[in-house]
Structure formats: structure tokens, C-alpha cells
Amino acid sequence: MAKYRKLGKRSDQRKALLRNQVTALIYNGKIVTTQARAKEVQKIVDGLIALAAKEKDNYETVTVSAKVPVKDKDGKRVKEVVDGKKVTKFETVDKEIKKDLPSRLHARHQMLKVLYPVTEVPTTNAGKKRGTKEADLVAKLFDEYGPKYASRNGGYTRIIKIGQRKGDGAMEVVLELV
């Protein structure tokens, strides 16, 4: 018996398809796909969530000082004249950051190997670069899904059958996080 389904695709196409669907499932919470694909995606997602639940508290908080530009009421940077040139004015701020311990850092790298980067585009500026930001799915796994599923031993996703697809008769399912 095979370890995985080939899904009628070459290995590079299959890996890209599975990475794409895993990313969509973690970002949106549920996806609609065929039953065979859902079972393969389910294996990958359950492994990622188990890793996040295991490493959720494995960090230390560190206080660092950072230079931040001073902004006016409109959100624009304040400039000052130094030696005849306009220079942005900075202030020093102390921030607390989470510093990953080695095992959590390794888990983060394992997750980044699977997940694609996701860019969030605001609906008001659709089609424009301004205002877009990259969603941090690894942080979502550690901060949201890790604590949520920490007490659960597996079974983080469910498959619900919704019937056959009209075109080719493939069984369609909804794969969602529990």
C-alpha cells in the first residue's frame, strides 16, 4: 500500500497543490475540495497543528530598545533640519519581543517549508499595493491554534461530504478545522 495518494499529478504539481490547500485551510479555516485531496491535506495540517500545540509556550520574552520615527497627527514622519538637510526625527522606545528557543525556531522553519506567503489586500484599495500586508500564518498557528488545540490529542480537522461534483462525479467535501 502506498504512503500517499498521487492525485493524478507529477510530484512538483502535487506538492504545490497540497501546499496551496494547506495554506488556504490555515488562513480561512475551511476549504472545499475532493475527498482524496482532503485526506492528504488533513495529514499535513494535523502535523502542523500538533507541532504548534507542542511548541506554543517555548519562548522567552526579551526587552529591546528600538528607534521609531516620530509621526504627526496625520501619520506622516516629522522632519528636522540638521546641517542644512531634512532628516527624519527618531525616538527610542523599549519593546518586549518573543524570542524563540531552539526547538520552537526549528518548528517555525518546518512550518515555513510547507506554508506559502499570504498577502492580505484591503477591500477599499483592491488592485493597489498600498495598504497590503503579509499575513503571518506561523504566528497564527502558534498564538491561535496552538493554545486552542493544546488539550486535544489529534483530530484537529473534520471532513464533511457535500455530494458529487457535476462535471466528473468526484466526491466533494468540506475540510474544516474543528
# chains A, B, ... in the order shown; residues from 1 in each chain; ligands from 1
>>> closest_atom_pairs(of="segment 96-174 of chain A", to="segment 53-76 of chain A", cutoff="7 Å", atoms="only C-alpha atoms", output="CSV")
residue,atom,partner,partner_atom,distance
A:Glu96,CA,A:Thr63,CA,4.4
A:Ile97,CA,A:Val62,CA,5.4
A:Lys98,CA,A:Thr61,CA,4.6
A:Lys99,CA,A:Glu60,CA,5.3
A:Asp100,CA,A:Tyr59,CA,4.5
A:Leu101,CA,A:Tyr59,CA,5.2
A:Arg104,CA,A:Glu55,CA,5.6
A:Phe142,CA,A:Lys56,CA,5.3
A:Asp143,CA,A:Lys56,CA,7.0
A:Gly146,CA,A:Ala53,CA,3.9
A:Pro147,CA,A:Ala53,CA,6.3
A:Tyr149,CA,A:Ala53,CA,6.3
A:Ala150,CA,A:Ala53,CA,4.9
>>> select_by_dssp(residues="segment 8-118 of chain A", states="strand (DSSP E)", output="count of residues only")
36
>>> select_by_dssp(residues="segment 8-118 of chain A", states="alpha helix (DSSP H)", output="PyMOL selection string")
chain A and resi 11-28+35-54+102-114
>>> residues_around(residues="segment 16-32 of chain A", least_positions_apart="5", cutoff="9 Å", atoms="only C-alpha atoms", output="MDAnalysis selection string")
chainID A and resid 11 37:38 40:42 44:45 114:118 135 137 140:141 172:178
>>> closest_residue(among="A:Gly47, A:Lys166, A:Val78, A:Ser151", to="Ala107 of chain A", atoms="only C-alpha atoms")
A:Gly47
>>> closest_residue(among="A:Thr34, A:Arg77, A:Arg152, A:Pro102", to="Gln164 of chain A", atoms="only C-alpha atoms")
A:Thr34
>>> atom_distance(atom1="atom CA of Arg108 of chain A", atom2="atom CA of Gly154 of chain A")
19.5 Å
>>> atom_distance(atom1="atom CA of Gly131 of chain A", atom2="atom CA of Thr119 of chain A")
10.4 Å
>>> atom_distance(atom1="atom CA of Arg158 of chain A", atom2="atom CA of Leu48 of chain A")
15.2 Å
